[in-house]
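Student: First the structure, then my questions, so here it is.
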Amino acid sequence: MSKRREVRNAAEARPGLALDEVFAWRKMAIEVLGAADFEHAARREYHLAVRSGRAFSIIVLRPESEGAPSRERVGEVLLARARCSDVVGLMGGDGVALLLPETDGEGAWAVVDSLRTLLPAGGEGLAIQVGSRSTEESEGPVDELRRNGSRDEDSDEPPGGGAGGHPTDDAGRGETVAASVSSGRPVEDVMGLFVRSLSRTKRLVDIFVAGVLLLLLWPLFLLIGATVALTSKGGALYRQQRAGLGGRPFTFYKFRTMEQGAEENWAELIPHNEQEGPVFKIADDPRITKVGRFLRRSSLDEMPQLWNVLKGDMTLVGPRPPKVEEVAEYESWQRERLDVTGGLTCTWQVSGRSEIKFRDWMRMDVRYVRTRSAWGDVKLLLRTVGAVLSGRGAY
């Protein structure tokens with residue numbers, strides 16, 4: 001749908017609009033980007049900023065009370081204030097946003113101050129967010145995990161760093177929790193503004209399906225756990241820090257498939273890595289136990305992640321949550337896969353898993369993020385059954 005038609009339809013859906021507001025909608029249809037186009041512009045600016053090392057910021061304004069200026073009025077003010085290099089667009093339902101190239105967080109808040117002088121009642125009743133990518137590099141939890149954490153899949157304990165930490169932009173995007181600029185006003189991770197939380201419907205489906213499966217399969221859990229514990233040293237489960245929605249670390253569960261202390265031999269196997277990029281995969285890993293090989297081939301080692309789904313760390317369908325230290329090595333475009341909640345299955349799982357090269361895997365996940373739908377999720381779940389039975393790429 002074109003921007004002009006999108007805005008005209010919105011105006012027609014609100015017959016109570018005053019005449020000046022109708023004209024404002026028409027003006028916005030021409031000069032303000034729709035939500036999809038604005039996100040595309042923001043991602044393009046992000047990639048350019050990463051390559052050039054420059055800063056950029058986004059200001060988002062949303063009415064949060066009845067007395068707040070209308071979205072149409074906010075759009076007019078942003079258009080009046082914008083420089084020729086700035087971009088104005090719709091964002092997140094009722095939000096209007098201003099993209100500011102080569103502007104850091106403190107500069108963005110200075111723009112907010114000038115906007116308040118142009119808005120009715122100083123913009124009272126508006127919720128204002130500022131997101132920025134700074135040129136200053138800082139070390140966050142991802143860097144610490146990258147230094148101290150193990151890359152092995154079967155480390156019995158999570159690598160260093162707490163699950164409550166949040167990575168910085170340069171180390172992999174974290175949850176959009178505010179960081180302070182010198183003025184003391186909050187500045188969030190700029191691309192974190194586009195993180196998409198689970199819809200209520202998808203969350204309810206996750207809770208129902210994961211809850212039912214956990215109730216039905218607990219005897220199988222006990223059997224697998226006992227088999228793992230009795231056939232090799234170590235606990236039945238292992239915990240690892242994975243990057244969830246927006247890059248936020250969470251504790252990820254699997255049945256243990258490797259010998260205890262497998263991480264100590266990891267460095268010796270690096271020359272045999274069969275994957276590209278930051279991922280480590282070899283088909284005949286000597287550290288995998290006999291039971292573990294069966295569990296991986298049958299995907300039964302992934303069953304404890306139903307608990308992650310029930311908790312809300314994961315969802316049934318979504319890109320597989322990566323290891324936190326892997327995210328630190330992502331290219332900027334690859335981090336888009338973290339904009340949605342990670343899942344048990346996605347396109348990669350039904351297309352050959354470990355047989356797929358890393359960059360193709362990332363492209364599949366980014367394509368899923370941009371085109372996901374309820375019907376698409378259903379089809380992926382159905383295809384997952386065949387993928388699990390075939391065992392293709394499961395090692």
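Quick note on naming: the chains in the structure tokens go A, B, ... in the order shown, residues restart at 1 in each chain, and ligands are numbered from 1 in order of appearance.
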Env of Arg44 in chain A: 12 Å cut, atoms = only C-alpha atoms, seq-sep filter 5 positions within chain, self excluded. Answer as a count of residues only.
Tutor: 14
Student: Pick out the closest residue to Met91 in chain A from this set: A:Thr251, A:Gln129, A:Asn308, A:Thr117. Count only C-alpha atoms.
Tutor: A:Gln129
Student: I want to know what sits within 9 Å of Trp307 in chain A, based on only C-alpha atoms, with residues of the same chain fewer than 6 positions away left out; could you give that as JSON, numbers by chain?
Tutor: {"A": [210, 211, 214, 253, 313, 314]}
Student: Dump N, CA and C atoms for the selected residues as an mmCIF file, in the first residue's frame?
Tutor:
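Resulting contents of part.cif:
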```
data_model
loop_
_atom_site.group_PDB
_atom_site.id
_atom_site.type_symbol
_atom_site.label_atom_id
_atom_site.label_comp_id
_atom_site.auth_asym_id
_atom_site.auth_seq_id
_atom_site.Cartn_x
_atom_site.Cartn_y
_atom_site.Cartn_z
ATOM 1 N N ALA A 210 3.642 -25.318 24.926
ATOM 2 C CA ALA A 210 4.773 -25.725 25.766
ATOM 3 C C ALA A 210 4.285 -26.367 27.060
ATOM 4 N N GLY A 211 3.234 -25.808 27.664
ATOM 5 C CA GLY A 211 2.707 -26.368 28.904
ATOM 6 C C GLY A 211 2.171 -27.768 28.718
ATOM 7 N N LEU A 214 5.101 -30.238 28.045
ATOM 8 C CA LEU A 214 5.864 -30.523 29.267
ATOM 9 C C LEU A 214 5.117 -31.498 30.176
ATOM 10 N N TYR A 253 18.628 -24.035 27.974
ATOM 11 C CA TYR A 253 18.742 -25.395 28.504
ATOM 12 C C TYR A 253 18.764 -26.436 27.380
ATOM 13 N N ASP A 313 11.426 -16.783 27.288
ATOM 14 C CA ASP A 313 12.744 -16.505 26.719
ATOM 15 C C ASP A 313 12.784 -16.831 25.231
ATOM 16 N N MET A 314 11.980 -17.831 24.839
ATOM 17 C CA MET A 314 11.942 -18.294 23.453
ATOM 18 C C MET A 314 10.489 -18.440 23.020
#
```
Student: For range 271-284 of chain A, work out the shell of residues within 7 Å, counting only C-alpha atoms and skipping chain neighbours fewer than 2 positions away, then give it as a ChimeraX atom specification.
Tutor: /A:269,286,326,329,357-358,395
Student: Go ahead and write the selection's residues with C-alpha atoms as a PDB file, in the first residue's frame.
Tutor:
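Just written: part36.pdb:
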```pdb
ATOM      1  CA  LEU A 269      39.534 -28.695  17.285  1.00  0.00           C
ATOM      2  CA  PRO A 286      35.048 -36.637  19.266  1.00  0.00           C
ATOM      3  CA  GLU A 326      28.921 -15.240  18.540  1.00  0.00           C
ATOM      4  CA  GLU A 329      31.249 -11.148  15.795  1.00  0.00           C
ATOM      5  CA  LYS A 357      26.731 -22.043   5.342  1.00  0.00           C
ATOM      6  CA  PHE A 358      26.670 -19.379   8.011  1.00  0.00           C
ATOM      7  CA  TYR A 395      25.102 -32.817  14.580  1.00  0.00           C
TER       8      TYR A 395
END
```
Student: Go through A:Leu118, A:Leu126, A:Val88, A:Leu381 one by one, measure the shortest atom-to-atom distance of each to Ser65 in chain A using only C-alpha atoms, and give the residue with the smallest value.
Tutor: A:Leu126
Student: Which one of A:Val96, A:Ala80, A:Leu198, A:Val74 sits closest to Ile59 in chain A if you count only C-alpha atoms?
Tutor: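 With only C-alpha atoms as the atom set, the closest residue is A:Val96.
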Student: Show which residues sit within 12 Å of Glu64 in chain A, as an mmCIF file with C-alpha atoms, in the first residue's frame. Count only C-alpha atoms, and ignore same-chain residues fewer than 6 positions away.
Tutor:
```
data_model
loop_
_atom_site.group_PDB
_atom_site.id
_atom_site.type_symbol
_atom_site.label_atom_id
_atom_site.label_comp_id
_atom_site.auth_asym_id
_atom_site.auth_seq_id
_atom_site.Cartn_x
_atom_site.Cartn_y
_atom_site.Cartn_z
ATOM 1 C CA SER A 70 -2.130 14.616 17.809
ATOM 2 C CA ARG A 71 0.135 12.516 15.643
ATOM 3 C CA ASP A 94 0.842 5.773 16.842
ATOM 4 C CA GLY A 95 4.458 6.974 16.940
ATOM 5 C CA GLY A 123 4.592 18.572 24.119
ATOM 6 C CA GLU A 124 2.945 17.665 27.415
ATOM 7 C CA GLY A 125 1.358 14.230 27.233
ATOM 8 C CA LEU A 126 3.874 12.879 24.702
ATOM 9 C CA ALA A 127 6.075 9.887 25.442
ATOM 10 C CA ILE A 128 9.537 10.609 24.031
#
```
Student: Using only C-alpha atoms, which of A:Pro63, A:Gly391, A:Gly376, A:Pro322 sits nearest Cys346 in chain A?
Tutor: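 For Cys346 in chain A, the nearest of the candidates is A:Gly376.
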Student: Do you have the CA of Gly89 in chain A-CA of Val32 in chain A distance handy?
Tutor: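 According to the coordinates, CA of Gly89 in chain A and CA of Val32 in chain A are separated by 4.9 Å.
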Student: Would you mind reading off the distance between CA of Glu72 in chain A and CA of Ala121 in chain A, one decimal, in Å?
Tutor: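 Separation of CA of Glu72 in chain A and CA of Ala121 in chain A: 15.6 Å.
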Student: Can you tell me which residues surround range 292-296 of chain A at a distance of at most 10 Å, considering only C-alpha atoms, apart from same-chain residues fewer than 6 positions away, and format the answer as number ranges by chain?
Tutor: A: 224, 227-228, 231-232, 255-259, 284-285, 302-303, 388, 391, 393-395
Student: May I have the residues from that selection written out with N, CA and C atoms, as a PDB file, in the first residue's frame?
Tutor:
```pdb
ATOM      1  N   ILE A 224      15.453 -39.733  29.620  1.00  0.00           N
ATOM      2  CA  ILE A 224      16.634 -39.196  28.934  1.00  0.00           C
ATOM      3  C   ILE A 224      17.648 -38.674  29.940  1.00  0.00           C
ATOM      4  N   THR A 227      19.460 -41.543  31.570  1.00  0.00           N
ATOM      5  CA  THR A 227      20.375 -42.191  30.627  1.00  0.00           C
ATOM      6  C   THR A 227      21.649 -41.381  30.454  1.00  0.00           C
ATOM      7  N   VAL A 228      21.496 -40.053  30.317  1.00  0.00           N
ATOM      8  CA  VAL A 228      22.666 -39.179  30.150  1.00  0.00           C
ATOM      9  C   VAL A 228      23.556 -39.240  31.387  1.00  0.00           C
ATOM     10  N   THR A 231      25.435 -42.761  31.813  1.00  0.00           N
ATOM     11  CA  THR A 231      26.362 -43.225  30.774  1.00  0.00           C
ATOM     12  C   THR A 231      27.593 -42.349  30.620  1.00  0.00           C
ATOM     13  N   SER A 232      27.646 -41.215  31.301  1.00  0.00           N
ATOM     14  CA  SER A 232      28.837 -40.354  31.238  1.00  0.00           C
ATOM     15  C   SER A 232      28.853 -39.444  32.456  1.00  0.00           C
ATOM     16  N   PHE A 255      19.765 -31.031  26.984  1.00  0.00           N
ATOM     17  CA  PHE A 255      20.353 -32.221  27.569  1.00  0.00           C
ATOM     18  C   PHE A 255      21.827 -32.271  27.173  1.00  0.00           C
ATOM     19  N   ARG A 256      22.674 -32.656  28.101  1.00  0.00           N
ATOM     20  CA  ARG A 256      24.112 -32.709  27.824  1.00  0.00           C
ATOM     21  C   ARG A 256      24.400 -33.819  26.817  1.00  0.00           C
ATOM     22  N   THR A 257      25.197 -33.479  25.799  1.00  0.00           N
ATOM     23  CA  THR A 257      25.537 -34.445  24.757  1.00  0.00           C
ATOM     24  C   THR A 257      27.039 -34.675  24.640  1.00  0.00           C
ATOM     25  N   MET A 258      27.843 -33.921  25.399  1.00  0.00           N
ATOM     26  CA  MET A 258      29.295 -34.058  25.333  1.00  0.00           C
ATOM     27  C   MET A 258      29.858 -34.570  26.657  1.00  0.00           C
ATOM     28  N   GLU A 259      31.095 -35.043  26.574  1.00  0.00           N
ATOM     29  CA  GLU A 259      31.784 -35.477  27.779  1.00  0.00           C
ATOM     30  C   GLU A 259      32.016 -34.277  28.702  1.00  0.00           C
ATOM     31  N   ASP A 284      31.810 -34.948  13.065  1.00  0.00           N
ATOM     32  CA  ASP A 284      32.228 -36.063  13.918  1.00  0.00           C
ATOM     33  C   ASP A 284      33.035 -35.533  15.099  1.00  0.00           C
ATOM     34  N   ASP A 285      32.409 -34.752  15.910  1.00  0.00           N
ATOM     35  CA  ASP A 285      33.070 -34.174  17.081  1.00  0.00           C
ATOM     36  C   ASP A 285      33.392 -35.292  18.069  1.00  0.00           C
ATOM     37  N   GLU A 302      17.092 -31.017  22.451  1.00  0.00           N
ATOM     38  CA  GLU A 302      16.516 -29.672  22.488  1.00  0.00           C
ATOM     39  C   GLU A 302      15.241 -29.587  23.335  1.00  0.00           C
ATOM     40  N   MET A 303      14.728 -30.716  23.797  1.00  0.00           N
ATOM     41  CA  MET A 303      13.436 -30.728  24.486  1.00  0.00           C
ATOM     42  C   MET A 303      13.360 -29.811  25.715  1.00  0.00           C
ATOM     43  N   VAL A 388      12.983 -33.250  11.575  1.00  0.00           N
ATOM     44  CA  VAL A 388      13.418 -34.012  12.748  1.00  0.00           C
ATOM     45  C   VAL A 388      13.508 -35.506  12.405  1.00  0.00           C
ATOM     46  N   GLY A 391      16.598 -36.145  10.273  1.00  0.00           N
ATOM     47  CA  GLY A 391      17.874 -35.936  10.962  1.00  0.00           C
ATOM     48  C   GLY A 391      18.921 -35.222  10.140  1.00  0.00           C
ATOM     49  N   GLY A 393      21.493 -32.801   8.778  1.00  0.00           N
ATOM     50  CA  GLY A 393      22.250 -31.670   9.331  1.00  0.00           C
ATOM     51  C   GLY A 393      22.254 -31.578  10.820  1.00  0.00           C
ATOM     52  N   ALA A 394      21.750 -32.598  11.514  1.00  0.00           N
ATOM     53  CA  ALA A 394      21.668 -32.546  12.984  1.00  0.00           C
ATOM     54  C   ALA A 394      22.911 -33.164  13.596  1.00  0.00           C
ATOM     55  N   TYR A 395      23.894 -32.329  13.904  1.00  0.00           N
ATOM     56  CA  TYR A 395      25.102 -32.817  14.580  1.00  0.00           C
ATOM     57  C   TYR A 395      25.749 -31.692  15.353  1.00  0.00           C
TER      58      TYR A 395
END
```
Student: Just give me the gap between CA of Gly343 in chain A and CA of Arg392 in chain A in Å, one decimal is fine.
Tutor: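 CA of Arg392 in chain A lies at a distance of 18.8 Å from CA of Gly343 in chain A.
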Student: Counting only C-alpha atoms, which residue out of A:Thr384, A:Gln334, A:Thr371, A:Gln240 sits closest to Lys254 in chain A?
Tutor: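 Counting only C-alpha atoms, the residue closest to Lys254 in chain A is A:Gln240.
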Student: I need the helix (DSSP H, G or I) residues of range 178-327 of chain A per DSSP on the backbone, written as a ChimeraX atom specification.
Tutor: /A:191-194,200-231,245-247,262-272,290-298,300-302,305-311,324-327
Student: Check the smallest atom-to-atom distance from each of A:Ala229, A:Val340, A:Ile288, A:Val209 to Leu193 in chain A using only C-alpha atoms, then report the winner.
Tutor: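 Smallest distance to Leu193 in chain A is found for A:Val340.
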